[in-house]
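**Student:** My structure is stored as run08.pdb, with PDB, C-alpha atoms and all ligand atoms.
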```
MODEL        1
ATOM      1  CA  MET A 295      -8.006  19.989  18.327
ATOM      2  CA  ASN A 296      -6.937  16.395  17.915
ATOM      3  CA  LYS A 297      -3.396  15.128  18.126
ATOM      4  CA  HIS A 298      -2.310  14.131  14.642
ATOM      5  CA  ALA A 299      -0.814  10.760  13.740
ATOM      6  CA  ILE A 300       0.362   8.862  10.677
ATOM      7  CA  ALA A 301       1.278   5.214  10.029
ATOM      8  CA  ILE A 302       2.797   3.720   6.874
ATOM      9  CA  HIS A 303       3.728   0.350   5.381
ATOM     10  CA  GLY A 304       6.030  -0.684   2.564
ATOM     11  CA  GLY A 305       4.775  -4.248   2.214
ATOM     12  CA  ALA A 306       4.662  -7.460   4.256
ATOM     13  CA  GLY A 307       6.094 -10.926   3.721
ATOM     14  CA  THR A 308       8.980 -13.212   4.547
ATOM     15  CA  ILE A 309      11.373 -10.450   5.396
ATOM     16  CA  LEU A 310      14.141 -12.158   7.332
ATOM     17  CA  ARG A 311      17.078 -10.523   9.045
ATOM     18  CA  ALA A 312      19.359 -13.253   7.714
ATOM     19  CA  LEU A 313      18.538 -12.297   4.122
ATOM     20  CA  MET A 314      19.041  -8.564   4.575
ATOM     21  CA  THR A 315      22.313  -6.672   4.225
ATOM     22  CA  PRO A 316      22.928  -3.728   6.562
ATOM     23  CA  GLU A 317      23.032  -1.426   3.508
ATOM     24  CA  LYS A 318      19.642  -2.630   2.223
ATOM     25  CA  GLU A 319      18.121  -2.346   5.661
ATOM     26  CA  ALA A 320      19.369   1.228   5.990
ATOM     27  CA  GLN A 321      17.928   2.069   2.558
ATOM     28  CA  TYR A 322      14.510   0.681   3.469
ATOM     29  CA  LYS A 323      14.539   2.612   6.737
ATOM     30  CA  THR A 324      15.408   5.802   4.866
ATOM     31  CA  GLY A 325      12.506   5.203   2.482
ATOM     32  CA  LEU A 326      10.089   4.707   5.383
ATOM     33  CA  GLN A 327      11.445   7.675   7.311
ATOM     34  CA  ASN A 328      11.140  10.003   4.309
ATOM     35  CA  ALA A 329       7.511   8.955   3.881
ATOM     36  CA  LEU A 330       6.721   9.611   7.559
ATOM     37  CA  ILE A 331       8.354  13.036   7.334
ATOM     38  CA  ALA A 332       6.428  13.908   4.154
ATOM     39  CA  GLY A 333       3.089  13.050   5.764
ATOM     40  CA  ASN A 334       3.930  14.545   9.142
ATOM     41  CA  GLU A 335       4.940  17.896   7.642
ATOM     42  CA  ILE A 336       1.439  18.295   6.269
ATOM     43  CA  LEU A 337      -0.274  17.177   9.472
ATOM     44  CA  SER A 338       1.798  19.391  11.755
ATOM     45  CA  ALA A 339       1.016  22.426   9.569
ATOM     46  CA  GLY A 340      -2.689  21.755  10.145
ATOM     47  CA  GLY A 341      -3.180  20.076   6.750
ATOM     48  CA  SER A 342      -5.628  17.288   6.001
ATOM     49  CA  SER A 343      -5.154  13.573   6.545
ATOM     50  CA  LEU A 344      -6.040  13.152   2.857
ATOM     51  CA  ASP A 345      -3.074  15.261   1.747
ATOM     52  CA  ALA A 346      -0.841  13.566   4.318
ATOM     53  CA  VAL A 347      -1.525   9.999   3.142
ATOM     54  CA  GLU A 348      -1.111  11.118  -0.458
ATOM     55  CA  ALA A 349       2.274  12.732   0.311
ATOM     56  CA  ALA A 350       3.526   9.729   2.291
ATOM     57  CA  VAL A 351       2.509   7.268  -0.423
ATOM     58  CA  MET A 352       3.969   9.472  -3.193
ATOM     59  CA  SER A 353       7.269   9.524  -1.326
ATOM     60  CA  MET A 354       7.309   5.695  -1.356
ATOM     61  CA  GLU A 355       6.149   5.564  -4.998
ATOM     62  CA  ASN A 356       9.205   7.662  -5.882
ATOM     63  CA  PHE A 357      11.529   5.349  -3.914
ATOM     64  CA  PRO A 358      12.718   2.410  -6.066
ATOM     65  CA  LEU A 359      12.835  -0.306  -3.373
ATOM     66  CA  PHE A 360       9.072  -0.413  -2.884
ATOM     67  CA  ASN A 361       6.696  -2.141  -5.303
ATOM     68  CA  ALA A 362       4.765   0.973  -6.297
ATOM     69  CA  GLY A 363       5.411   3.778  -8.777
ATOM     70  CA  LYS A 364       9.108   3.761  -9.703
ATOM     71  CA  GLY A 365       9.827   0.318  -8.206
ATOM     72  CA  ALA A 366       6.705  -1.409  -9.575
ATOM     73  CA  VAL A 367       7.134  -5.098 -10.501
ATOM     74  CA  PHE A 368       7.029  -6.443 -14.080
ATOM     75  CA  THR A 369       3.947  -8.031 -15.604
ATOM     76  CA  ASN A 370       4.089 -11.136 -17.783
ATOM     77  CA  LYS A 371       4.418  -8.803 -20.818
ATOM     78  CA  GLY A 372       7.391  -6.971 -19.305
ATOM     79  CA  THR A 373       5.321  -3.889 -18.578
ATOM     80  CA  HIS A 374       4.278  -2.175 -15.343
ATOM     81  CA  GLU A 375       0.577  -2.023 -14.489
ATOM     82  CA  MET A 376      -0.105  -0.086 -11.330
ATOM     83  CA  ASP A 377      -3.101   0.150  -9.005
ATOM     84  CA  ALA A 378      -3.892   2.686  -6.271
ATOM     85  CA  SER A 379      -6.703   4.027  -4.108
ATOM     86  CA  ILE A 380      -7.409   6.716  -1.550
ATOM     87  CA  MET A 381     -10.315   7.366   0.831
ATOM     88  CA  GLU A 382     -11.442  10.137   3.153
ATOM     89  CA  GLY A 383     -13.159   9.169   6.411
ATOM     90  CA  LYS A 384     -15.223  12.306   6.969
ATOM     91  CA  ASN A 385     -17.528  11.887   3.979
ATOM     92  CA  LEU A 386     -16.637   8.421   2.614
ATOM     93  CA  GLU A 387     -15.302   9.986  -0.599
ATOM     94  CA  ALA A 388     -12.988   7.631  -2.494
ATOM     95  CA  GLY A 389     -10.896   7.415  -5.659
ATOM     96  CA  ALA A 390      -9.254   4.393  -7.269
ATOM     97  CA  VAL A 391      -7.372   3.389 -10.383
ATOM     98  CA  SER A 392      -6.087   0.095 -11.797
ATOM     99  CA  GLY A 393      -3.918  -1.197 -14.615
ATOM    100  CA  ILE A 394      -2.204   2.089 -15.456
ATOM    101  CA  SER A 395       1.266   2.563 -16.948
ATOM    102  CA  ASN A 396       3.666   5.524 -17.073
ATOM    103  CA  VAL A 397       1.742   7.677 -14.600
ATOM    104  CA  GLN A 398       4.427   8.821 -12.153
ATOM    105  CA  ASN A 399       2.239   8.808  -9.037
ATOM    106  CA  PRO A 400      -0.814   6.523  -9.206
ATOM    107  CA  VAL A 401      -2.029   7.633  -5.761
ATOM    108  CA  HIS A 402      -2.155  11.238  -6.954
ATOM    109  CA  LEU A 403      -4.268  10.103  -9.897
ATOM    110  CA  ALA A 404      -6.581   8.256  -7.461
ATOM    111  CA  LYS A 405      -7.052  11.507  -5.533
ATOM    112  CA  ILE A 406      -7.746  13.524  -8.696
ATOM    113  CA  ILE A 407     -10.261  10.864  -9.796
ATOM    114  CA  MET A 408     -12.004  11.276  -6.434
ATOM    115  CA  GLN A 409     -12.047  15.056  -6.637
ATOM    116  CA  LYS A 410     -12.519  15.796 -10.329
ATOM    117  CA  SER A 411     -13.878  12.882 -12.376
ATOM    118  CA  GLY A 412     -17.341  12.475 -10.876
ATOM    119  CA  HIS A 413     -16.517   8.756 -10.512
ATOM    120  CA  VAL A 414     -14.782   6.516  -8.004
ATOM    121  CA  PHE A 415     -12.836   3.974 -10.063
ATOM    122  CA  LEU A 416     -11.162   4.392 -13.488
ATOM    123  CA  GLN A 417      -9.005   1.789 -15.204
ATOM    124  CA  GLY A 418      -6.398   1.222 -17.915
ATOM    125  CA  SER A 419      -5.689   3.436 -20.894
ATOM    126  CA  ASP A 420      -8.801   5.547 -20.368
ATOM    127  CA  ALA A 421      -7.651   6.371 -16.845
ATOM    128  CA  GLU A 422      -4.300   7.412 -18.367
ATOM    129  CA  LEU A 423      -6.195   9.642 -20.788
ATOM    130  CA  PHE A 424      -7.983  11.263 -17.851
ATOM    131  CA  ALA A 425      -4.581  11.768 -16.141
ATOM    132  CA  LYS A 426      -3.315  13.491 -19.307
ATOM    133  CA  THR A 427      -6.275  15.827 -19.434
ATOM    134  CA  MET A 428      -5.544  16.717 -15.794
ATOM    135  CA  ASN A 429      -1.863  17.384 -16.682
ATOM    136  CA  LEU A 430      -0.484  14.785 -14.288
ATOM    137  CA  PRO A 431       3.236  13.910 -14.660
ATOM    138  CA  PHE A 432       4.051  10.888 -16.850
ATOM    139  CA  GLN A 433       7.370   8.995 -17.091
ATOM    140  CA  ASN A 434       8.837   6.807 -19.833
ATOM    141  CA  ASN A 435       9.346   3.043 -19.365
ATOM    142  CA  GLU A 436      13.011   3.451 -18.374
ATOM    143  CA  TYR A 437      11.982   5.403 -15.276
ATOM    144  CA  PHE A 438      10.156   2.313 -13.998
ATOM    145  CA  PHE A 439      13.021  -0.113 -14.777
ATOM    146  CA  THR A 440      14.880  -1.424 -11.726
ATOM    147  CA  ALA A 441      17.448  -4.223 -12.095
ATOM    148  CA  GLU A 442      16.151  -6.085  -9.049
ATOM    149  CA  ARG A 443      12.549  -6.220 -10.260
ATOM    150  CA  PHE A 444      13.736  -7.215 -13.748
ATOM    151  CA  LYS A 445      15.667 -10.146 -12.293
ATOM    152  CA  GLN A 446      12.650 -11.200 -10.232
ATOM    153  CA  TRP A 447      10.593 -11.252 -13.400
ATOM    154  CA  GLN A 448      13.284 -13.128 -15.412
ATOM    155  CA  ASP A 449      13.260 -15.865 -12.771
ATOM    156  CA  VAL A 450       9.579 -16.641 -13.341
ATOM    157  CA  LYS A 451       8.630 -15.225 -16.700
ATOM    158  CA  ASP A 452       8.599 -18.541 -18.562
ATOM    159  CA  SER A 453       6.377 -20.173 -15.994
ATOM    160  CA  ASP A 454       2.680 -19.524 -15.750
ATOM    161  CA  THR A 455       2.917 -18.717 -12.069
ATOM    162  CA  TYR A 456       2.343 -15.170 -11.119
ATOM    163  CA  GLN A 457       4.585 -14.333  -8.296
ATOM    164  CA  LEU A 458       3.427 -12.891  -5.029
ATOM    165  CA  ASP A 459       6.703 -13.873  -3.491
ATOM    166  CA  HIS A 460       8.947 -11.700  -5.538
ATOM    167  CA  THR A 461      12.316 -13.297  -4.896
ATOM    168  CA  VAL A 462      11.403 -16.641  -3.457
ATOM    169  CA  LEU A 463      13.373 -18.723  -5.962
ATOM    170  CA  GLU A 464      16.878 -17.644  -5.078
ATOM    171  CA  THR A 465      16.783 -16.329  -1.595
ATOM    172  CA  GLY A 466      13.771 -17.973  -0.042
ATOM    173  CA  GLU A 467      12.515 -14.485   0.618
ATOM    174  CA  LYS A 468       8.842 -13.705   0.067
ATOM    175  CA  LYS A 469       7.594 -10.198   0.185
ATOM    176  CA  PHE A 470       4.806  -7.945  -0.919
ATOM    177  CA  GLY A 471       6.168  -4.458  -1.489
ATOM    178  CA  THR A 472       2.927  -2.528  -1.790
ATOM    179  CA  VAL A 473       2.904   0.805   0.040
ATOM    180  CA  GLY A 474       0.222   2.491   2.107
ATOM    181  CA  ALA A 475      -0.523   5.169   4.666
ATOM    182  CA  VAL A 476      -3.243   6.045   7.180
ATOM    183  CA  ALA A 477      -3.498   9.391   8.955
ATOM    184  CA  LEU A 478      -5.521  11.371  11.499
ATOM    185  CA  ASP A 479      -5.398  15.165  11.247
ATOM    186  CA  ILE A 480      -5.952  17.846  13.904
ATOM    187  CA  HIS A 481      -9.525  18.287  12.655
ATOM    188  CA  GLY A 482     -10.288  14.682  13.645
ATOM    189  CA  ASN A 483     -10.498  13.349  10.082
ATOM    190  CA  LEU A 484      -9.110   9.966   9.027
ATOM    191  CA  ALA A 485      -7.798   8.988   5.575
ATOM    192  CA  ALA A 486      -6.156   5.946   3.956
ATOM    193  CA  ALA A 487      -4.222   5.323   0.736
ATOM    194  CA  THR A 488      -2.575   2.310  -0.927
ATOM    195  CA  SER A 489      -0.451   1.951  -4.089
ATOM    196  CA  THR A 490       1.099  -1.083  -5.798
ATOM    197  CA  GLY A 491       2.627  -2.617  -8.892
ATOM    198  CA  GLY A 492       0.724  -5.801  -7.993
ATOM    199  CA  MET A 493       2.427  -9.147  -8.526
ATOM    200  CA  THR A 494       5.459 -10.093 -10.625
ATOM    201  CA  ASN A 495       4.496 -11.846 -13.890
ATOM    202  CA  LYS A 496       0.784 -11.108 -13.413
ATOM    203  CA  ARG A 497      -1.324 -11.763 -16.513
ATOM    204  CA  PHE A 498      -4.693 -11.096 -18.096
ATOM    205  CA  GLY A 499      -5.135  -7.694 -16.460
ATOM    206  CA  ARG A 500      -4.998  -9.150 -12.954
ATOM    207  CA  VAL A 501      -5.946  -6.619 -10.277
ATOM    208  CA  GLY A 502      -5.412  -7.160  -6.539
ATOM    209  CA  ASP A 503      -6.976  -5.709  -3.427
ATOM    210  CA  SER A 504      -5.013  -2.442  -3.303
ATOM    211  CA  PRO A 505      -7.325  -0.321  -5.509
ATOM    212  CA  ILE A 506     -10.503  -1.928  -4.185
ATOM    213  CA  ILE A 507     -12.295   0.239  -1.652
ATOM    214  CA  GLY A 508     -13.196  -1.982   1.291
ATOM    215  CA  ALA A 509     -10.617  -4.664   0.467
ATOM    216  CA  GLY A 510      -7.187  -2.988   0.447
ATOM    217  CA  THR A 511      -8.179   0.510   1.568
ATOM    218  CA  TYR A 512     -10.930   1.993   3.726
ATOM    219  CA  ALA A 513     -11.505   5.064   5.913
ATOM    220  CA  ASN A 514     -14.478   6.111   8.027
ATOM    221  CA  ASN A 515     -14.353   8.693  10.834
ATOM    222  CA  ASN A 516     -16.796   6.495  12.821
ATOM    223  CA  SER A 517     -14.321   3.634  12.950
ATOM    224  CA  CYS A 518     -10.839   3.629  11.422
ATOM    225  CA  ALA A 519      -8.528   4.044   8.449
ATOM    226  CA  ILE A 520      -6.922   0.886   7.005
ATOM    227  CA  SER A 521      -4.332   0.126   4.298
ATOM    228  CA  CYS A 522      -3.465  -3.501   3.491
ATOM    229  CA  THR A 523      -0.602  -5.451   1.931
ATOM    230  CA  GLY A 524      -0.386  -9.141   1.131
ATOM    231  CA  HIS A 525      -1.885 -11.813  -1.098
ATOM    232  CA  GLY A 526      -4.561  -9.679  -2.720
ATOM    233  CA  GLU A 527      -6.852 -12.504  -3.746
ATOM    234  CA  TYR A 528      -7.456 -13.379  -0.089
ATOM    235  CA  PHE A 529      -7.775  -9.755   1.002
ATOM    236  CA  MET A 530     -10.478  -9.211  -1.622
ATOM    237  CA  ARG A 531     -12.393 -12.335  -0.621
ATOM    238  CA  ALA A 532     -12.214 -11.381   3.055
ATOM    239  CA  VAL A 533     -13.037  -7.701   2.309
ATOM    240  CA  VAL A 534     -10.403  -7.021   4.934
ATOM    241  CA  ALA A 535     -10.383  -3.237   5.351
ATOM    242  CA  TYR A 536     -14.176  -2.888   5.505
ATOM    243  CA  ASP A 537     -14.488  -5.940   7.728
ATOM    244  CA  ILE A 538     -12.311  -4.256  10.357
ATOM    245  CA  SER A 539     -14.334  -1.049  10.112
ATOM    246  CA  CYS A 540     -17.593  -3.008  10.484
ATOM    247  CA  LEU A 541     -16.383  -4.964  13.506
ATOM    248  CA  MET A 542     -15.634  -1.637  15.177
ATOM    249  CA  GLU A 543     -18.743   0.247  14.065
ATOM    250  CA  TYR A 544     -21.357  -2.445  14.476
ATOM    251  CA  LYS A 545     -19.893  -4.769  17.083
ATOM    252  CA  GLY A 546     -17.932  -2.382  19.280
ATOM    253  CA  TYR A 547     -14.558  -4.063  18.773
ATOM    254  CA  THR A 548     -11.467  -1.971  19.475
ATOM    255  CA  LEU A 549      -9.094  -1.425  16.555
ATOM    256  CA  LYS A 550      -6.710  -3.932  18.092
ATOM    257  CA  GLN A 551      -9.387  -6.602  18.565
ATOM    258  CA  ALA A 552     -10.688  -6.143  15.022
ATOM    259  CA  CYS A 553      -7.206  -6.245  13.422
ATOM    260  CA  ASN A 554      -6.143  -9.275  15.419
ATOM    261  CA  TYR A 555      -9.291 -11.189  14.567
ATOM    262  CA  VAL A 556      -9.174 -10.465  10.827
ATOM    263  CA  VAL A 557      -5.403 -10.736  10.232
ATOM    264  CA  LYS A 558      -4.384 -13.380  12.743
ATOM    265  CA  ASP A 559      -7.445 -15.609  12.766
ATOM    266  CA  LYS A 560      -9.770 -15.177   9.784
ATOM    267  CA  LEU A 561      -7.099 -14.618   7.105
ATOM    268  CA  VAL A 562      -4.839 -17.321   8.526
ATOM    269  CA  LYS A 563      -7.679 -19.864   8.353
ATOM    270  CA  MET A 564      -8.252 -18.913   4.702
ATOM    271  CA  GLY A 565      -4.508 -19.158   3.917
ATOM    272  CA  GLY A 566      -4.088 -15.431   3.248
ATOM    273  CA  GLU A 567      -0.681 -14.017   4.076
ATOM    274  CA  GLY A 568       0.002 -10.321   4.717
ATOM    275  CA  GLY A 569      -0.804  -7.461   7.011
ATOM    276  CA  LEU A 570      -2.170  -3.964   7.410
ATOM    277  CA  ILE A 571      -1.864  -0.652   9.182
ATOM    278  CA  GLY A 572      -4.823   0.790  11.057
ATOM    279  CA  LEU A 573      -5.568   4.039  12.876
ATOM    280  CA  ASP A 574      -8.707   4.984  14.780
ATOM    281  CA  ALA A 575     -10.296   8.348  15.541
ATOM    282  CA  SER A 576      -8.629   8.433  18.993
ATOM    283  CA  GLY A 577      -5.189   8.064  17.444
ATOM    284  CA  ASN A 578      -4.647   4.391  18.324
ATOM    285  CA  ILE A 579      -2.396   2.655  15.799
ATOM    286  CA  GLU A 580      -2.151  -1.027  14.853
ATOM    287  CA  LEU A 581       0.605  -2.486  12.661
ATOM    288  CA  CYS A 582      -0.691  -6.032  12.320
ATOM    289  CA  PHE A 583       0.642  -8.889  10.152
ATOM    290  CA  ASN A 584       0.635 -12.677   9.953
ATOM    291  CA  SER A 585       3.838 -12.875   7.877
ATOM    292  CA  ASP A 586       7.421 -12.789   9.125
ATOM    293  CA  GLY A 587       7.798  -9.065   8.708
ATOM    294  CA  MET A 588       6.320  -5.865   7.390
ATOM    295  CA  TYR A 589       8.093  -2.642   6.462
ATOM    296  CA  ARG A 590       6.276  -0.237   8.699
ATOM    297  CA  GLY A 591       6.401   2.930  10.776
ATOM    298  CA  TYR A 592       4.376   5.538  12.571
ATOM    299  CA  LEU A 593       4.692   9.007  13.987
ATOM    300  CA  LYS A 594       2.336  10.429  16.618
ATOM    301  CA  GLN A 595       2.358  14.115  17.482
ATOM    302  CA  GLY A 596       4.804  14.785  20.294
ATOM    303  CA  GLU A 597       6.334  11.274  20.216
ATOM    304  CA  ASP A 598       9.435   9.732  18.661
ATOM    305  CA  PRO A 599       8.881   7.987  15.339
ATOM    306  CA  PHE A 600       8.828   4.179  15.192
ATOM    307  CA  ILE A 601      10.211   2.219  12.240
ATOM    308  CA  GLY A 602      10.164  -1.586  12.095
ATOM    309  CA  ILE A 603      10.856  -4.337   9.586
ATOM    310  CA  TYR A 604      10.892  -7.734  11.309
ATOM    311  CA  GLU A 605       8.439  -9.451  13.625
TER     312      GLU A 605
HETATM  313  N1  LIG B 701      -1.815  -6.730  -2.187
HETATM  314  C1  LIG B 701      -1.048  -6.537  -3.403
HETATM  315  C2  LIG B 701      -1.739  -7.254  -4.527
HETATM  316  O1  LIG B 701      -2.231  -8.341  -4.330
HETATM  317  C3  LIG B 701       0.324  -7.055  -3.301
HETATM  318  C4  LIG B 701       1.133  -6.481  -2.177
HETATM  319  O2  LIG B 701       0.606  -6.201  -1.110
HETATM  320  O3  LIG B 701       2.346  -6.314  -2.379
HETATM  321  O4  LIG B 701      -1.702  -6.741  -5.636
ENDMDL
END
```
The structure in this file should be written as structure tokens.

**Tutor:**
Amino acid sequence: MNKHAIAIHGGAGTILRALMTPEKEAQYKTGLQNALIAGNEILSAGGSSLDAVEAAVMSMENFPLFNAGKGAVFTNKGTHEMDASIMEGKNLEAGAVSGISNVQNPVHLAKIIMQKSGHVFLQGSDAELFAKTMNLPFQNNEYFFTAERFKQWQDVKDSDTYQLDHTVLETGEKKFGTVGAVALDIHGNLAAATSTGGMTNKRFGRVGDSPIIGAGTYANNNSCAISCTGHGEYFMRAVVAYDISCLMEYKGYTLKQACNYVVKDKLVKMGGEGGLIGLDASGNIELCFNSDGMYRGYLKQGEDPFIGIYE
């Protein structure tokens, strides 16, 4: 039996201590802690890494401070279009969804797509239709309204910039609030999941890296499980999650070497800001980012949990 482990992120970016109130910081930590507990409960009962990453991500989707599910950012039209994906390392099964509205838990839909649709990736209103036929919970628009996200959108909505840096105008803060989880269960199986509202004021059906298998999410028992957050355009072009898996599988890199090379060298040279969480089949964990901070945490069987925000 393997020792189980789980790692999570709630987004990377310019998260500076000077811009954070003690109350906000405590709220973020609570959100991260709840997600770790949700995933860990499943793992410690002998459950699968797939169910654990789903539970951890759903917990963060239901928490309004993260840019996923309930706290998803506004599009240029004032709507919420969410993306998510999930992958199992034992058989390379995967499910993904993009551009959906009103589905309460996009990562749950990604899992149902993987298990029940016969496909990997569904999008838009037809994916919502599939969710309805599967009786998944839906919420009205008010559920997804948060005053903070609305203000972030108001600040940029008359410009044609789509905003990665959600609150950069007023506070100088830049952050990507996507959520993700990676887990290893006692059976030795890895899994990864990622969920996001994307970028404030995004237009034309823009989709980032989060629902793209190999870019924002990847899991393979021969290498690692990865979930990314950051400027999606760069993460797609660098095929970040799969790149790390390949460096390990084909070139013998350790998880640490692969993460450091891709996040701190390759992405930096391209101009891509962000980070990722990674977990290998031996239970090694990397929380790697090239931005000022990343909401992050992990919990290994028999150890105290770790939660971090700043560098
Ligand atoms: N990677 C996400 C995207 O580009 C954004 C984020 O990580 O917050 O849609």

**Student:** Please identify every polymer residue within 8 Å of ligand LIG 701 (chain B), using all atoms listed in the file, and present the set as a compact mmCIF listing (two decimals) with C-alpha atoms, keeping the file's coordinate frame.

**Tutor:**
```txt
# COMPACT_ATOMS: atom_id res chain seq x y z
CA GLY A 305 4.78 -4.25 2.21
CA ALA A 306 4.66 -7.46 4.26
CA ASN A 361 6.70 -2.14 -5.30
CA ASP A 377 -3.10 0.15 -9.01
CA LEU A 458 3.43 -12.89 -5.03
CA LYS A 469 7.59 -10.20 0.18
CA PHE A 470 4.81 -7.94 -0.92
CA GLY A 471 6.17 -4.46 -1.49
CA THR A 472 2.93 -2.53 -1.79
CA VAL A 473 2.90 0.80 0.04
CA THR A 490 1.10 -1.08 -5.80
CA GLY A 491 2.63 -2.62 -8.89
CA GLY A 492 0.72 -5.80 -7.99
CA MET A 493 2.43 -9.15 -8.53
CA VAL A 501 -5.95 -6.62 -10.28
CA GLY A 502 -5.41 -7.16 -6.54
CA ASP A 503 -6.98 -5.71 -3.43
CA SER A 504 -5.01 -2.44 -3.30
CA GLY A 510 -7.19 -2.99 0.45
CA CYS A 522 -3.46 -3.50 3.49
CA THR A 523 -0.60 -5.45 1.93
CA GLY A 524 -0.39 -9.14 1.13
CA HIS A 525 -1.88 -11.81 -1.10
CA GLY A 526 -4.56 -9.68 -2.72
CA GLU A 527 -6.85 -12.50 -3.75
CA PHE A 529 -7.78 -9.76 1.00
CA GLY A 568 0.00 -10.32 4.72
```

**Student:** For Phe357 of chain A, which residue among A:Glu597, A:His374, A:Lys323, A:Ala421 is the nearest when counting only C-alpha atoms?

**Tutor:**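 Checking each of A:Glu597, A:His374, A:Lys323, A:Ala421 against Phe357 of chain A, counting only C-alpha atoms, the winner is A:Lys323.
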
**Student:** Any idea what the distance is between atom CA of Val414 of chain A and atom CA of Glu387 of chain A?

**Tutor:** 8.2 Å

**Student:** Excluding same-chain residues fewer than 6 positions from Ser338 of chain A, what lies within 12 Å of it counting only C-alpha atoms, as a PyMOL selection string?

**Tutor:** chain A and resi 295-300+330-332+345-346+477-481+593-596

**Student:** Going by the chain IDs and residue numbers used in this file, which residues fall under the PyMOL selection byres (((chain A and resi 497) around 8) and not hetatm)? Write them as a VMD selection string.

**Tutor:** chain A and resid 369 to 371 456 495 to 496 498 to 500

**Student:** Return as CSV the residues of segment 325-349 of chain A lying at most 12 Å from segment 514-520 of chain A, together with the closest atom-to-atom pair for each and the distance in Å to one decimal, counting only C-alpha atoms, with rows in chain order and ascending residue number.

**Tutor:**
```
residue,atom,partner,partner_atom,distance
A:Ser343,CA,A:Ala519,CA,10.3
A:Leu344,CA,A:Ala519,CA,11.0
A:Val347,CA,A:Ala519,CA,10.6
```

**Student:** Using all atoms listed in the file, pick whichever of A:Val476, A:Cys540, A:Gly565, A:Arg443 has the shortest atom-to-atom distance to Glu580 of chain A.

**Tutor:** A:Val476

**Student:** So that I can check the surroundings of Phe444 of chain A, please list as a ChimeraX atom specification every protein, DNA and RNA residue that reaches within 12 Å of it, counting only C-alpha atoms and ignoring chain neighbours fewer than 5 positions away.

**Tutor:** /A:365-374,436,438-439,449-451,460-461,494-495

**Student:** Produce a file of the selected residues containing C-alpha atoms, as a CSV table (one decimal), in the coordinates of the input.

**Tutor:**
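Output below, filename out-v2.csv:
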```csv
chain,number,residue,atom,x,y,z
A,365,GLY,CA,9.8,0.3,-8.2
A,366,ALA,CA,6.7,-1.4,-9.6
A,367,VAL,CA,7.1,-5.1,-10.5
A,368,PHE,CA,7.0,-6.4,-14.1
A,369,THR,CA,3.9,-8.0,-15.6
A,370,ASN,CA,4.1,-11.1,-17.8
A,371,LYS,CA,4.4,-8.8,-20.8
A,372,GLY,CA,7.4,-7.0,-19.3
A,373,THR,CA,5.3,-3.9,-18.6
A,374,HIS,CA,4.3,-2.2,-15.3
A,436,GLU,CA,13.0,3.5,-18.4
A,438,PHE,CA,10.2,2.3,-14.0
A,439,PHE,CA,13.0,-0.1,-14.8
A,449,ASP,CA,13.3,-15.9,-12.8
A,450,VAL,CA,9.6,-16.6,-13.3
A,451,LYS,CA,8.6,-15.2,-16.7
A,460,HIS,CA,8.9,-11.7,-5.5
A,461,THR,CA,12.3,-13.3,-4.9
A,494,THR,CA,5.5,-10.1,-10.6
A,495,ASN,CA,4.5,-11.8,-13.9
```

**Student:** State, in Å with one decimal place, the distance from atom CA of Gln433 of chain A to atom CA of Gly418 of chain A.

**Tutor:** 15.8 Å

**Student:** Take atom CA of Gly363 of chain A and atom CA of His402 of chain A and report the distance between them in Å, one decimal.

**Tutor:**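 Those two atoms sit 10.8 Å apart.
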
**Student:** Evaluate the PyMOL selection byres (((chain A and resi 353) around 8) and not hetatm) and record the selected residues as a list in words, following the chain and residue labels used in the document.

**Tutor:** Gly325, Asn328, Ala329, Ala332, Ala349, Ala350, Val351, Met352, Met354, Glu355, Asn356 and Phe357 of chain A

**Student:** From the set A:Gly474, A:Lys545, A:Val391, A:Glu375, which residue has the shortest atom-to-atom contact distance to Tyr589 of chain A, counting all atoms listed in the file?

**Tutor:**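 Smallest separation from Tyr589 of chain A among the options: A:Gly474.
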